[in-house]
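**Q** data13.cif (mmCIF, C-alpha atoms) pasted underneath:
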```cif
data_data
#
loop_
_atom_site.label_atom_id
_atom_site.label_comp_id
_atom_site.auth_asym_id
_atom_site.auth_seq_id
_atom_site.Cartn_x
_atom_site.Cartn_y
_atom_site.Cartn_z
CA MET T 1 -96.62 5.48 -17.36
CA ARG T 2 -95.00 8.89 -17.67
CA THR T 3 -91.55 7.34 -17.99
CA LYS T 4 -92.79 5.06 -20.75
CA ALA T 5 -94.21 8.01 -22.67
CA VAL T 6 -90.96 9.95 -22.35
CA ALA T 7 -88.99 6.92 -23.57
CA TRP T 8 -91.06 6.43 -26.68
CA ALA T 9 -91.11 10.17 -27.34
CA GLY T 10 -87.31 9.94 -27.45
CA GLY T 11 -87.60 7.18 -30.05
CA VAL T 12 -89.85 9.38 -32.22
CA LEU T 13 -87.47 12.32 -31.89
CA TYR T 14 -84.58 10.08 -32.95
CA ALA T 15 -86.44 9.13 -36.12
CA VAL T 16 -87.19 12.80 -36.81
CA ALA T 17 -83.53 13.76 -36.24
CA VAL T 18 -82.32 11.06 -38.66
CA GLY T 19 -84.84 12.26 -41.24
CA LEU T 20 -83.60 15.84 -40.92
CA LEU T 21 -79.99 14.71 -41.33
CA ILE T 22 -80.85 12.81 -44.49
CA GLY T 23 -82.96 15.50 -46.17
CA GLY T 24 -81.63 18.63 -44.52
CA GLY T 25 -79.56 19.91 -47.44
CA PRO T 26 -76.42 19.19 -49.45
CA ARG T 27 -73.91 21.46 -47.73
CA ALA T 28 -72.75 19.29 -44.84
CA SER T 29 -70.30 16.43 -45.40
CA GLY T 30 -70.93 12.76 -44.61
CA THR T 31 -68.73 12.98 -41.53
CA VAL T 32 -70.91 15.74 -40.08
CA HIS T 33 -74.02 13.69 -40.82
CA GLY T 34 -72.44 10.65 -39.14
CA ILE T 35 -71.57 12.62 -36.02
CA GLY T 36 -75.10 14.06 -35.97
CA ALA T 37 -76.63 10.59 -36.17
CA LEU T 38 -74.32 9.36 -33.37
CA LEU T 39 -75.38 12.23 -31.11
CA ALA T 40 -79.04 11.71 -31.99
CA ALA T 41 -78.78 8.16 -30.62
CA GLY T 42 -78.67 9.73 -27.15
CA LEU T 43 -82.42 10.27 -27.51
CA LEU T 44 -82.86 6.49 -27.29
CA VAL T 45 -81.67 6.16 -23.69
CA GLY T 46 -85.21 5.74 -22.38
CA VAL T 47 -86.04 3.15 -25.06
CA LEU T 48 -82.77 1.34 -24.30
CA ARG T 49 -83.66 0.94 -20.62
CA ARG T 50 -87.17 -0.36 -21.39
CA SER T 51 -86.55 -2.40 -24.56
CA PRO T 52 -82.92 -2.82 -25.70
CA VAL T 53 -84.00 -4.89 -28.74
CA VAL T 54 -86.14 -2.01 -30.04
CA ALA T 55 -83.31 0.45 -29.37
CA LEU T 56 -80.91 -1.81 -31.31
CA ALA T 57 -83.31 -1.99 -34.25
CA LEU T 58 -83.80 1.79 -34.31
CA THR T 59 -80.05 2.53 -34.22
CA LEU T 60 -79.39 -0.01 -36.97
CA LEU T 61 -82.10 1.47 -39.17
CA GLY T 62 -81.03 5.06 -38.48
CA SER T 63 -77.33 4.36 -39.08
CA THR T 64 -78.09 2.46 -42.27
CA ALA T 65 -80.31 5.29 -43.50
CA VAL T 66 -77.56 7.87 -42.91
CA LEU T 67 -75.05 5.62 -44.64
CA ALA T 68 -77.28 4.82 -47.64
CA CYS T 69 -78.36 8.44 -48.21
CA PRO T 70 -75.17 10.56 -48.32
CA PRO T 71 -75.31 14.36 -48.81
CA ARG T 72 -75.92 15.43 -52.37
CA SER T 73 -72.89 17.67 -53.02
CA ALA T 74 -70.88 18.05 -56.19
CA GLN T 75 -67.90 19.42 -54.31
CA VAL T 76 -67.53 16.40 -52.00
CA ASP T 77 -66.41 12.99 -53.24
CA LEU T 78 -69.16 10.42 -52.60
CA SER T 79 -66.87 7.67 -51.40
CA ALA T 80 -64.96 10.00 -49.12
CA SER T 81 -68.11 11.51 -47.69
CA SER T 82 -69.65 8.11 -46.99
CA GLN T 83 -66.66 7.01 -44.98
CA GLY T 84 -67.53 9.37 -42.10
CA GLN T 85 -71.06 8.05 -42.10
CA PHE T 86 -69.89 4.81 -40.44
CA LEU T 87 -69.71 6.73 -37.14
CA PRO T 88 -73.39 6.09 -36.22
CA TYR T 89 -72.56 2.39 -35.86
CA LEU T 90 -70.68 3.27 -32.69
CA ALA T 91 -74.12 3.84 -31.13
CA VAL T 92 -75.12 0.35 -32.31
CA ASP T 93 -72.04 -1.05 -30.56
CA LEU T 94 -72.92 0.77 -27.34
CA VAL T 95 -76.43 -0.71 -27.42
CA LEU T 96 -74.90 -4.15 -27.97
CA GLY T 97 -72.64 -3.67 -24.96
CA PHE T 98 -75.67 -2.75 -22.83
CA MET T 99 -77.53 -5.85 -24.02
CA VAL T 100 -74.58 -8.12 -23.25
CA ALA T 101 -74.38 -6.64 -19.73
CA THR T 102 -78.08 -6.80 -18.88
CA ARG T 103 -79.90 -9.36 -21.03
CA ALA T 104 -79.86 -13.14 -21.26
CA ARG T 105 -76.83 -14.64 -22.95
CA ARG T 106 -78.88 -16.24 -25.71
CA VAL T 107 -80.59 -12.96 -26.63
CA SER T 108 -77.27 -11.13 -26.54
CA ALA T 109 -75.57 -13.74 -28.74
CA VAL T 110 -78.32 -13.48 -31.38
CA ALA T 111 -78.16 -9.67 -31.31
CA VAL T 112 -74.36 -9.66 -31.67
CA GLY T 113 -74.44 -12.13 -34.55
CA ALA T 114 -77.17 -10.30 -36.47
CA THR T 115 -75.52 -6.91 -35.97
CA LEU T 116 -72.12 -8.23 -37.07
CA VAL T 117 -73.58 -9.59 -40.32
CA VAL T 118 -75.43 -6.33 -41.06
CA GLN T 119 -72.38 -4.16 -40.38
CA MET T 120 -70.04 -6.35 -42.44
CA LEU T 121 -72.42 -6.24 -45.43
CA LEU T 122 -72.91 -2.48 -45.23
CA VAL T 123 -69.26 -1.65 -44.67
CA GLY T 124 -68.27 -4.00 -47.51
CA GLY T 125 -70.85 -2.42 -49.79
CA PHE T 126 -70.12 1.25 -49.12
CA ALA T 127 -66.35 1.23 -48.49
CA HIS T 128 -64.11 1.09 -51.56
CA GLY T 129 -60.54 0.20 -52.37
CA ASP T 130 -57.94 -0.14 -49.64
CA THR T 131 -60.15 1.53 -47.06
CA MET T 132 -62.65 -1.37 -47.01
CA THR T 133 -60.30 -3.66 -45.07
CA VAL T 134 -59.48 -0.89 -42.60
CA TYR T 135 -63.15 -0.15 -41.94
CA LEU T 136 -64.01 -3.82 -41.59
CA VAL T 137 -61.28 -4.26 -38.96
CA LEU T 138 -62.36 -1.09 -37.15
CA ALA T 139 -65.99 -2.24 -37.10
CA VAL T 140 -65.03 -5.63 -35.64
CA LEU T 141 -62.73 -4.06 -33.04
CA ALA T 142 -65.36 -1.52 -31.96
CA MET T 143 -67.99 -4.25 -31.58
CA ALA T 144 -65.56 -6.50 -29.69
CA ALA T 145 -64.63 -3.69 -27.30
CA ALA T 146 -68.29 -2.90 -26.56
CA CYS T 147 -69.16 -6.57 -25.99
CA THR T 148 -66.10 -7.08 -23.77
CA ALA T 149 -67.07 -4.09 -21.64
CA GLY T 150 -70.59 -5.51 -21.38
CA LEU T 151 -69.27 -8.91 -20.29
CA LEU T 152 -67.05 -7.36 -17.64
CA SER T 153 -69.98 -5.32 -16.30
CA ARG T 154 -72.18 -8.43 -16.28
CA GLU T 155 -69.60 -10.50 -14.38
CA ARG T 156 -69.05 -7.72 -11.89
CA ARG T 157 -72.78 -7.41 -11.24
CA GLU T 158 -73.22 -11.18 -10.88
CA HIS T 159 -70.27 -11.30 -8.52
CA ALA T 160 -71.80 -8.53 -6.42
CA VAL T 161 -75.09 -10.45 -6.29
CA GLU T 162 -73.27 -13.60 -5.17
CA LEU T 163 -71.42 -11.69 -2.46
CA ARG T 164 -74.66 -10.16 -1.25
CA ALA T 165 -76.35 -13.57 -1.14
CA GLN T 166 -73.36 -14.96 0.77
CA GLU T 167 -73.52 -12.09 3.26
CA VAL T 168 -77.24 -12.68 3.79
CA THR T 169 -76.65 -16.40 4.35
CA GLU T 170 -73.84 -15.73 6.82
CA ALA T 171 -75.98 -13.18 8.66
CA VAL T 172 -78.83 -15.70 8.94
CA VAL T 173 -76.48 -18.40 10.24
CA ALA T 174 -74.90 -15.99 12.73
CA GLU T 175 -78.33 -14.92 13.98
CA ARG T 176 -79.42 -18.53 14.38
CA LEU T 177 -76.27 -19.29 16.38
CA ARG T 178 -76.85 -16.22 18.55
CA ILE T 179 -80.43 -17.25 19.26
CA ALA T 180 -79.31 -20.81 20.00
CA ARG T 181 -76.71 -19.55 22.47
CA GLU T 182 -79.22 -17.28 24.20
CA LEU T 183 -81.80 -20.04 24.52
CA HIS T 184 -79.25 -22.54 25.73
CA ASP T 185 -77.74 -20.21 28.31
CA MET T 186 -81.13 -19.16 29.61
CA VAL T 187 -82.89 -22.53 29.64
CA ALA T 188 -79.99 -24.77 30.72
CA HIS T 189 -79.39 -22.80 33.92
CA SER T 190 -83.06 -22.73 34.88
CA ILE T 191 -83.71 -26.38 34.06
CA GLY T 192 -80.65 -27.37 36.08
CA ILE T 193 -81.95 -25.53 39.14
CA ILE T 194 -85.45 -26.97 38.64
CA ALA T 195 -84.04 -30.51 38.43
CA ILE T 196 -82.03 -30.05 41.62
CA GLN T 197 -84.98 -28.58 43.50
CA ALA T 198 -87.33 -31.29 42.25
CA GLY T 199 -84.93 -33.93 43.50
CA VAL T 200 -84.68 -32.26 46.89
CA GLY T 201 -88.45 -31.93 47.15
CA SER T 202 -89.10 -35.57 46.27
CA ARG T 203 -86.67 -36.76 48.96
CA VAL T 204 -87.96 -34.63 51.85
CA ILE T 205 -91.66 -34.33 51.01
CA ARG T 206 -92.60 -36.88 53.69
CA THR T 207 -90.09 -36.04 56.42
CA GLN T 208 -89.60 -32.30 55.90
CA PRO T 209 -92.70 -30.81 54.28
CA GLU T 210 -91.46 -27.25 54.90
CA GLU T 211 -88.29 -27.93 52.91
CA ALA T 212 -90.40 -29.49 50.17
CA ARG T 213 -92.57 -26.39 50.02
CA GLU T 214 -89.45 -24.20 49.72
CA ALA T 215 -88.22 -26.38 46.86
CA LEU T 216 -91.58 -26.12 45.10
CA ARG T 217 -91.60 -22.34 45.52
CA ALA T 218 -88.10 -22.17 44.03
CA ILE T 219 -89.25 -24.33 41.11
CA GLU T 220 -92.25 -22.08 40.56
CA ALA T 221 -90.18 -18.89 40.66
CA THR T 222 -87.51 -20.28 38.35
CA SER T 223 -90.12 -21.61 35.92
CA ARG T 224 -91.92 -18.28 35.77
CA GLU T 225 -88.66 -16.42 35.15
CA THR T 226 -87.69 -18.87 32.41
CA LEU T 227 -91.07 -18.62 30.73
CA SER T 228 -90.86 -14.84 30.87
CA GLY T 229 -87.42 -14.92 29.26
CA LEU T 230 -88.60 -17.29 26.53
CA ARG T 231 -91.59 -15.07 25.86
CA ARG T 232 -89.37 -12.00 25.52
CA THR T 233 -87.11 -13.88 23.12
CA LEU T 234 -90.00 -15.09 20.98
CA VAL T 235 -91.60 -11.65 20.94
CA ALA T 236 -88.28 -10.14 19.84
CA LEU T 237 -88.03 -12.68 17.03
CA ARG T 238 -91.59 -12.13 15.79
CA GLN T 239 -91.84 -8.39 16.35
CA ALA T 240 -91.81 -6.56 13.02
CA ASP T 241 -92.43 -3.05 14.40
CA PRO T 242 -89.54 -1.87 16.61
CA ASP T 243 -91.73 0.83 18.18
CA PRO T 244 -93.70 -0.80 21.00
CA GLU T 245 -96.02 2.21 21.36
CA SER T 246 -97.17 2.05 17.76
CA SER T 247 -97.63 -1.73 17.81
CA GLY T 248 -99.31 -1.95 21.19
CA ARG T 249 -96.81 -4.50 22.52
CA VAL T 250 -95.07 -4.39 25.86
CA PRO T 251 -91.49 -3.11 25.56
CA LEU T 252 -88.76 -5.67 26.05
CA THR T 253 -86.72 -5.69 29.25
CA PRO T 254 -82.97 -4.97 29.06
CA SER T 255 -80.52 -7.81 28.55
CA PRO T 256 -78.90 -9.14 31.74
CA GLY T 257 -75.48 -7.88 32.75
CA LEU T 258 -72.91 -8.05 35.51
CA VAL T 259 -75.19 -6.16 37.90
CA ASP T 260 -77.46 -9.23 37.87
CA LEU T 261 -74.80 -11.62 39.19
CA GLU T 262 -76.06 -11.32 42.77
CA ARG T 263 -79.53 -12.36 41.66
CA LEU T 264 -78.00 -15.27 39.75
CA ALA T 265 -76.04 -16.26 42.86
CA ALA T 266 -79.21 -16.17 44.98
CA ALA T 267 -81.05 -18.40 42.51
CA THR T 268 -78.11 -20.83 42.44
CA ALA T 269 -78.00 -20.90 46.25
CA ASP T 270 -81.56 -22.19 46.23
CA ALA T 271 -80.25 -25.14 44.19
CA GLY T 272 -77.70 -25.94 46.89
CA VAL T 273 -74.59 -24.28 45.48
CA ARG T 274 -73.23 -21.18 47.17
CA VAL T 275 -71.68 -18.66 44.76
CA ASP T 276 -69.20 -16.13 46.12
CA VAL T 277 -68.96 -13.11 43.81
CA ARG T 278 -65.90 -10.88 44.14
CA ARG T 279 -65.27 -7.74 42.10
CA ASP T 280 -61.96 -5.92 41.69
CA GLY T 281 -61.03 -2.77 39.84
CA GLN T 282 -63.10 0.27 39.06
CA GLN T 283 -66.67 -0.87 38.45
CA ARG T 284 -68.21 1.03 35.55
CA PRO T 285 -70.78 0.56 32.81
CA LEU T 286 -69.50 -1.54 29.92
CA PRO T 287 -70.80 -2.03 26.37
CA ALA T 288 -73.96 -4.11 26.25
CA ASP T 289 -72.41 -6.96 24.25
CA ILE T 290 -69.55 -7.34 26.74
CA GLU T 291 -71.92 -7.17 29.71
CA LEU T 292 -74.21 -9.81 28.23
CA SER T 293 -71.38 -12.13 27.19
CA ALA T 294 -69.71 -11.92 30.60
CA TYR T 295 -73.01 -12.65 32.35
CA ARG T 296 -73.75 -15.61 30.08
CA ILE T 297 -70.27 -17.05 30.64
CA VAL T 298 -70.74 -16.89 34.42
CA GLN T 299 -74.26 -18.32 34.11
CA GLU T 300 -73.13 -21.29 32.01
CA ALA T 301 -70.14 -22.00 34.23
CA VAL T 302 -72.27 -21.89 37.38
CA THR T 303 -74.86 -24.13 35.70
CA ASN T 304 -72.12 -26.67 35.01
CA VAL T 305 -71.12 -26.52 38.67
CA VAL T 306 -74.70 -27.23 39.74
CA ARG T 307 -75.15 -30.09 37.30
CA HIS T 308 -71.76 -31.76 37.14
CA ALA T 309 -69.27 -30.62 39.79
CA GLY T 310 -70.76 -32.37 42.79
CA THR T 311 -69.81 -29.54 45.12
CA GLY T 312 -71.72 -26.96 47.10
CA HIS T 313 -69.48 -23.96 46.50
CA CYS T 314 -67.86 -21.99 43.67
CA ARG T 315 -66.13 -18.63 43.29
CA VAL T 316 -66.75 -15.94 40.67
CA HIS T 317 -64.13 -13.25 40.24
CA ILE T 318 -64.76 -10.17 38.08
CA ASP T 319 -61.80 -7.86 37.45
CA TYR T 320 -62.46 -4.51 35.77
CA GLY T 321 -59.09 -3.83 34.21
CA ASP T 322 -58.04 -0.79 32.22
CA GLY T 323 -57.83 -2.69 28.94
CA GLU T 324 -59.90 -5.80 29.50
CA LEU T 325 -62.55 -7.43 31.62
CA SER T 326 -61.46 -10.65 33.35
CA VAL T 327 -64.02 -13.26 34.36
CA GLU T 328 -63.03 -16.36 36.35
CA ILE T 329 -65.22 -19.14 37.75
CA VAL T 330 -63.56 -21.77 39.94
CA ASP T 331 -65.01 -24.71 41.84
CA GLY T 332 -63.56 -27.47 43.96
CA GLY T 333 -65.64 -30.31 42.57
CA ARG T 334 -64.67 -33.41 40.66
CA GLY T 335 -63.54 -31.62 37.52
CA VAL T 336 -64.64 -33.14 34.21
CA ALA T 337 -67.37 -35.69 34.66
CA GLY T 338 -68.20 -38.52 32.32
CA GLU T 339 -70.05 -38.29 29.04
CA ASP T 340 -72.51 -35.80 30.52
CA GLY T 341 -69.79 -33.48 31.73
CA PRO T 342 -69.46 -29.86 30.66
CA ALA T 343 -66.82 -30.61 28.04
CA HIS T 344 -69.32 -32.79 26.15
CA GLY T 345 -72.17 -30.27 25.90
CA PHE T 346 -72.79 -27.01 24.10
CA GLY T 347 -71.95 -24.78 27.07
CA ILE T 348 -68.20 -24.54 26.49
CA VAL T 349 -68.80 -24.22 22.74
CA GLY T 350 -71.14 -21.29 23.38
CA MET T 351 -68.55 -19.63 25.63
CA ARG T 352 -65.89 -19.98 22.95
CA GLU T 353 -68.16 -18.46 20.33
CA ARG T 354 -69.04 -15.51 22.54
CA VAL T 355 -65.41 -14.82 23.41
CA ALA T 356 -64.31 -15.22 19.79
CA LEU T 357 -66.88 -12.67 18.62
CA LEU T 358 -65.38 -10.16 21.07
CA ASN T 359 -61.76 -11.03 20.12
CA GLY T 360 -61.08 -12.27 23.63
CA ARG T 361 -59.35 -15.24 25.23
CA LEU T 362 -60.93 -18.24 26.94
CA SER T 363 -59.53 -21.15 28.90
CA ALA T 364 -61.72 -23.88 30.35
CA GLY T 365 -60.55 -27.12 31.91
CA PRO T 366 -59.87 -29.11 35.09
CA ARG T 367 -57.44 -27.72 37.66
CA PRO T 368 -54.39 -29.75 38.78
CA GLU T 369 -55.44 -29.41 42.42
CA GLY T 370 -58.99 -30.51 41.61
CA GLY T 371 -62.13 -28.86 40.39
CA PHE T 372 -62.82 -26.93 37.22
CA ARG T 373 -61.81 -23.46 36.10
CA VAL T 374 -63.27 -21.19 33.42
CA ALA T 375 -61.43 -17.94 32.67
CA ALA T 376 -62.28 -15.37 30.01
CA ARG T 377 -60.59 -12.11 29.12
CA LEU T 378 -62.66 -9.70 27.07
CA PRO T 379 -60.89 -6.67 25.56
CA LEU T 380 -62.63 -3.37 26.17
CA PRO T 381 -63.20 -0.81 23.38
CA GLY T 382 -60.09 1.12 22.45
CA THR T 383 -57.71 -1.74 23.20
CA ALA T 384 -55.92 -4.03 20.80
CA ALA T 385 -57.66 -7.27 19.93
CA ALA T 386 -56.09 -10.41 21.37
CA PRO T 387 -56.04 -13.86 19.79
CA VAL T 388 -58.57 -16.41 20.96
CA GLU T 389 -57.34 -19.27 23.11
CA ALA T 390 -59.69 -22.12 23.94
CA ARG T 391 -58.59 -25.17 25.82
CA GLY T 392 -61.16 -27.86 26.39
#
```
Reformat the file's structure so that it appears as structure tokens.

**A**
Amino acid sequence: MRTKAVAWAGGVLYAVAVGLLIGGGPRASGTVHGIGALLAAGLLVGVLRRSPVVALALTLLGSTAVLACPPRSAQVDLSASSQGQFLPYLAVDLVLGFMVATRARRVSAVAVGATLVVQMLLVGGFAHGDTMTVYLVLAVLAMAAACTAGLLSRERREHAVELRAQEVTEAVVAERLRIARELHDMVAHSIGIIAIQAGVGSRVIRTQPEEAREALRAIEATSRETLSGLRRTLVALRQADPDPESSGRVPLTPSPGLVDLERLAAATADAGVRVDVRRDGQQRPLPADIELSAYRIVQEAVTNVVRHAGTGHCRVHIDYGDGELSVEIVDGGRGVAGEDGPAHGFGIVGMRERVALLNGRLSAGPRPEGGFRVAARLPLPGTAAAPVEARG
């Protein structure tokens, strides 16, 4: 409300200033009056931001008034003095440029057309002799320059809006892919172990009830862990307040990392596949995104071993290099299976996406001597990025 009052107060002051220029005395020349009217148009900035059409009407009326009422001076030629009074129309052109940049094209086109007609009539009526053509050309050029600047500003703003919308769309798609990878990596491993344990339990429930009970306990533990992970993921997606204390929610647990590989190996051993984890190099904390990606790559590769390899053993090798982290998972199974093999699912695709986001290298495929091998090299911060290699 206060801004509106200030804006319209500026419009009233502009009218007062034009009135003073017209009736303020005969000593000043028309050029001085024209410059004064042009400067007085600065009072209309507030009106221009709120209602450009009103600002355009006020500047047209004020400029026309200054032009139609030249200073009454016997020492100054009337035609010469009126020539300088065309200067206030520069303010009209600036308002037009603002309208072209900010208002609808139809409104801007009507405003430009009406203003052009008014200026041509006034310049043709008040300019005399050879100067009339010059002033007509100058008026058209000034209006064209203002409208061109407005168009360029409009296109630049629209382009910035389009880029912003594209960035938002890409961010949404990237977030959806990230969530899909997390859910796949978390659920696929657990469901694979549950399926294996359920099969074992159903086969030995009559002959080996103790083994069946162990399988059921493993299913229960894996199911609870999976449900807990899903709950954390859903809470993270729905949580609007990042401060758990202020919202009353339970804080989220940290993302898994390489320190959790032994726990992953123990869970996989319950499914009948022994995982040997070997670490080389200087073990040290790594960035969270690298830790999580490395863990998910191992988890997906081990899940594929459980579901498709048909073997009871695999090896995981983690090498903490100076410039990169190397992750290798090797098994001695039957390599690529049929249509349900690892190459036909989303696991390898998810690995490639994770490695690509970290500017790393990935190779995944059957070994000549038998089995399957997944190897990833993830550059550590401060090292040069390497191209992504992915072999299915």

**Q** For Leu122 (chain T), work out the shell of residues within 9 Å, counting only C-alpha atoms and skipping chain neighbours fewer than 4 positions away, then give it as a ChimeraX atom specification.

**A** /T:64,67-68,117-118,126-127

**Q** On this structure, which residues satisfy the PyMOL selection byres ((chain T and resi 144-153) around 6), written as a list in words?

**A**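 Applying the PyMOL selection byres ((chain T and resi 144-153) around 6) to the structure shown produces Asp93, Leu94, Gly97, Phe98, Val100, Ala101, Leu141, Ala142, Met143, Arg154, Glu155 and Arg156 of chain T.
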
**Q** Calculate how many Å separate CA of Ala376 (chain T) from CA of Leu183 (chain T), rounding to one decimal.

**A**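 Atom-to-atom, CA of Ala376 (chain T) and CA of Leu183 (chain T) are spaced 20.8 Å apart.
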
**Q** Counting all atoms listed in the file, which of T:Val273, T:Val173, T:Leu58, T:Leu121 gets nearest to Pro88 (chain T)?

**A**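 So, comparing all the options, the nearest one is T:Leu58.
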
**Q** Report the distance between CA of Gly321 (chain T) and CA of Pro379 (chain T) in Å, rounded to one decimal place.

**A**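 Atom-to-atom, CA of Gly321 (chain T) and CA of Pro379 (chain T) are spaced 9.3 Å apart.
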
**Q** Which of these, T:Asp260, T:Val298, T:Thr222, T:Arg181, has the shortest distance to Val349 (chain T) once you count only C-alpha atoms?

**A**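 Going through T:Asp260, T:Val298, T:Thr222, T:Arg181 one by one, the smallest distance to Val349 (chain T) is for T:Arg181.
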
**Q** Give me the residues near region 192-203 of chain T as a PyMOL selection string, where near means some atom within 12 Å (using all atoms listed in the file) and where sequence neighbours in that chain fewer than 4 positions away do not count.

**A** chain T and resi 184-188+207-226+264-273+299-308+310

**Q** If you measure from CA of Ala41 (chain T) to CA of Leu96 (chain T), what distance in Å do you get, rounded to one decimal?

**A**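 Calculated distance between CA of Ala41 (chain T) and CA of Leu96 (chain T) is 13.2 Å.
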
**Q** Can you tell me which residues surround Arg315 (chain T) at a distance of at most 7 Å, considering all atoms listed in the file, apart from same-chain residues fewer than 5 positions away, and format the answer as a list in words?

**A**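 Skipping anything fewer than 5 positions along the chain leaves Val275, Asp276, Val277, Ile329, Val330 and Asp331 of chain T.
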
**Q** Any chance you could resolve the PyMOL selection byres ((chain T and resi 63) around 8) against this file and give the residues as a ChimeraX atom specification?

**A** /T:34,37,59-62,64-67,85-86,88-89

**Q** Pick out the residues sitting within 9 Å of Glu291 (chain T), and hand them over as number ranges by chain; count only C-alpha atoms, and ignore anything fewer than 3 positions along from it in its own chain.

**A** T: 255-259, 285-288, 294-296

**Q** With only C-alpha atoms as the basis for distance, which of T:Thr133, T:Ser190, T:Ser108, T:Gln283 is at the shortest distance from Ile318 (chain T)?

**A**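 Result for the nearest residue to Ile318 (chain T): T:Gln283.
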
**Q** Counting all atoms listed in the file, select every polymer residue within 10 Å of (-77.4, -10.4, -30.1) as defined in the file's coordinates, and provide the selection as JSON, numbers by chain.

**A** {"T": [53, 56, 96, 97, 99, 100, 103, 104, 105, 106, 107, 108, 109, 110, 111, 112, 113, 114, 115, 116, 147]}

**Q** Write the residues of the preceding selection, restricted to C-alpha atoms, as a PDB file, in the frame of the given file.

**A**
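And here's part_30.pdb as it stands now:
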```pdb
ATOM      1  CA  VAL T  53     -84.000  -4.890 -28.740  1.00  0.00           C
ATOM      2  CA  LEU T  56     -80.910  -1.810 -31.310  1.00  0.00           C
ATOM      3  CA  LEU T  96     -74.900  -4.150 -27.970  1.00  0.00           C
ATOM      4  CA  GLY T  97     -72.640  -3.670 -24.960  1.00  0.00           C
ATOM      5  CA  MET T  99     -77.530  -5.850 -24.020  1.00  0.00           C
ATOM      6  CA  VAL T 100     -74.580  -8.120 -23.250  1.00  0.00           C
ATOM      7  CA  ARG T 103     -79.900  -9.360 -21.030  1.00  0.00           C
ATOM      8  CA  ALA T 104     -79.860 -13.140 -21.260  1.00  0.00           C
ATOM      9  CA  ARG T 105     -76.830 -14.640 -22.950  1.00  0.00           C
ATOM     10  CA  ARG T 106     -78.880 -16.240 -25.710  1.00  0.00           C
ATOM     11  CA  VAL T 107     -80.590 -12.960 -26.630  1.00  0.00           C
ATOM     12  CA  SER T 108     -77.270 -11.130 -26.540  1.00  0.00           C
ATOM     13  CA  ALA T 109     -75.570 -13.740 -28.740  1.00  0.00           C
ATOM     14  CA  VAL T 110     -78.320 -13.480 -31.380  1.00  0.00           C
ATOM     15  CA  ALA T 111     -78.160  -9.670 -31.310  1.00  0.00           C
ATOM     16  CA  VAL T 112     -74.360  -9.660 -31.670  1.00  0.00           C
ATOM     17  CA  GLY T 113     -74.440 -12.130 -34.550  1.00  0.00           C
ATOM     18  CA  ALA T 114     -77.170 -10.300 -36.470  1.00  0.00           C
ATOM     19  CA  THR T 115     -75.520  -6.910 -35.970  1.00  0.00           C
ATOM     20  CA  LEU T 116     -72.120  -8.230 -37.070  1.00  0.00           C
ATOM     21  CA  CYS T 147     -69.160  -6.570 -25.990  1.00  0.00           C
TER      22      CYS T 147
END
```

**Q** With only C-alpha atoms as the basis for distance, which of T:Val92, T:Val204, T:Ile191, T:Leu358 is at the shortest distance from Leu292 (chain T)?

**A** T:Leu358

**Q** For Ala9 (chain T), please output as a PyMOL selection string all residues within 12 Å (counting only C-alpha atoms; exclusion window: fewer than 3 positions along the same chain).

**A** chain T and resi 2-6+12-16+43-47

**Q** Name every residue that the PyMOL selection byres ((chain T and resi 370) around 8) selects in this structure, writing the answer as a VMD selection string with chains first and numbers rising.

**A** chain T and resid 332 to 335 366 to 369 371 to 372

**Q** Of the candidates T:Gly312, T:Ile297, T:Arg263, T:Val123, which one gets nearest to Val355 (chain T) if we count only C-alpha atoms?

**A** T:Ile297

**Q** Generate N, CA and C atoms for region 102-110 of chain T and emit them as a CSV table (one decimal), keeping the file's coordinate frame.

**A**
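Below is the file that was written, result_22.csv:
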```
chain,number,residue,atom,x,y,z
T,102,THR,N,-76.8,-6.8,-19.6
T,102,THR,CA,-78.1,-6.8,-18.9
T,102,THR,C,-79.1,-7.9,-19.3
T,103,ARG,N,-78.9,-8.4,-20.5
T,103,ARG,CA,-79.9,-9.4,-21.0
T,103,ARG,C,-79.4,-10.8,-21.0
T,104,ALA,N,-80.2,-11.7,-21.3
T,104,ALA,CA,-79.9,-13.1,-21.3
T,104,ALA,C,-78.8,-13.4,-22.3
T,105,ARG,N,-78.0,-14.4,-22.1
T,105,ARG,CA,-76.8,-14.6,-23.0
T,105,ARG,C,-77.3,-15.1,-24.3
T,106,ARG,N,-78.4,-15.8,-24.4
T,106,ARG,CA,-78.9,-16.2,-25.7
T,106,ARG,C,-79.4,-15.1,-26.5
T,107,VAL,N,-80.1,-14.2,-25.9
T,107,VAL,CA,-80.6,-13.0,-26.6
T,107,VAL,C,-79.4,-12.1,-27.1
T,108,SER,N,-78.4,-11.9,-26.2
T,108,SER,CA,-77.3,-11.1,-26.5
T,108,SER,C,-76.5,-11.7,-27.7
T,109,ALA,N,-76.3,-13.1,-27.7
T,109,ALA,CA,-75.6,-13.7,-28.7
T,109,ALA,C,-76.3,-13.6,-30.1
T,110,VAL,N,-77.6,-13.7,-30.1
T,110,VAL,CA,-78.3,-13.5,-31.4
T,110,VAL,C,-78.2,-12.0,-31.9
```
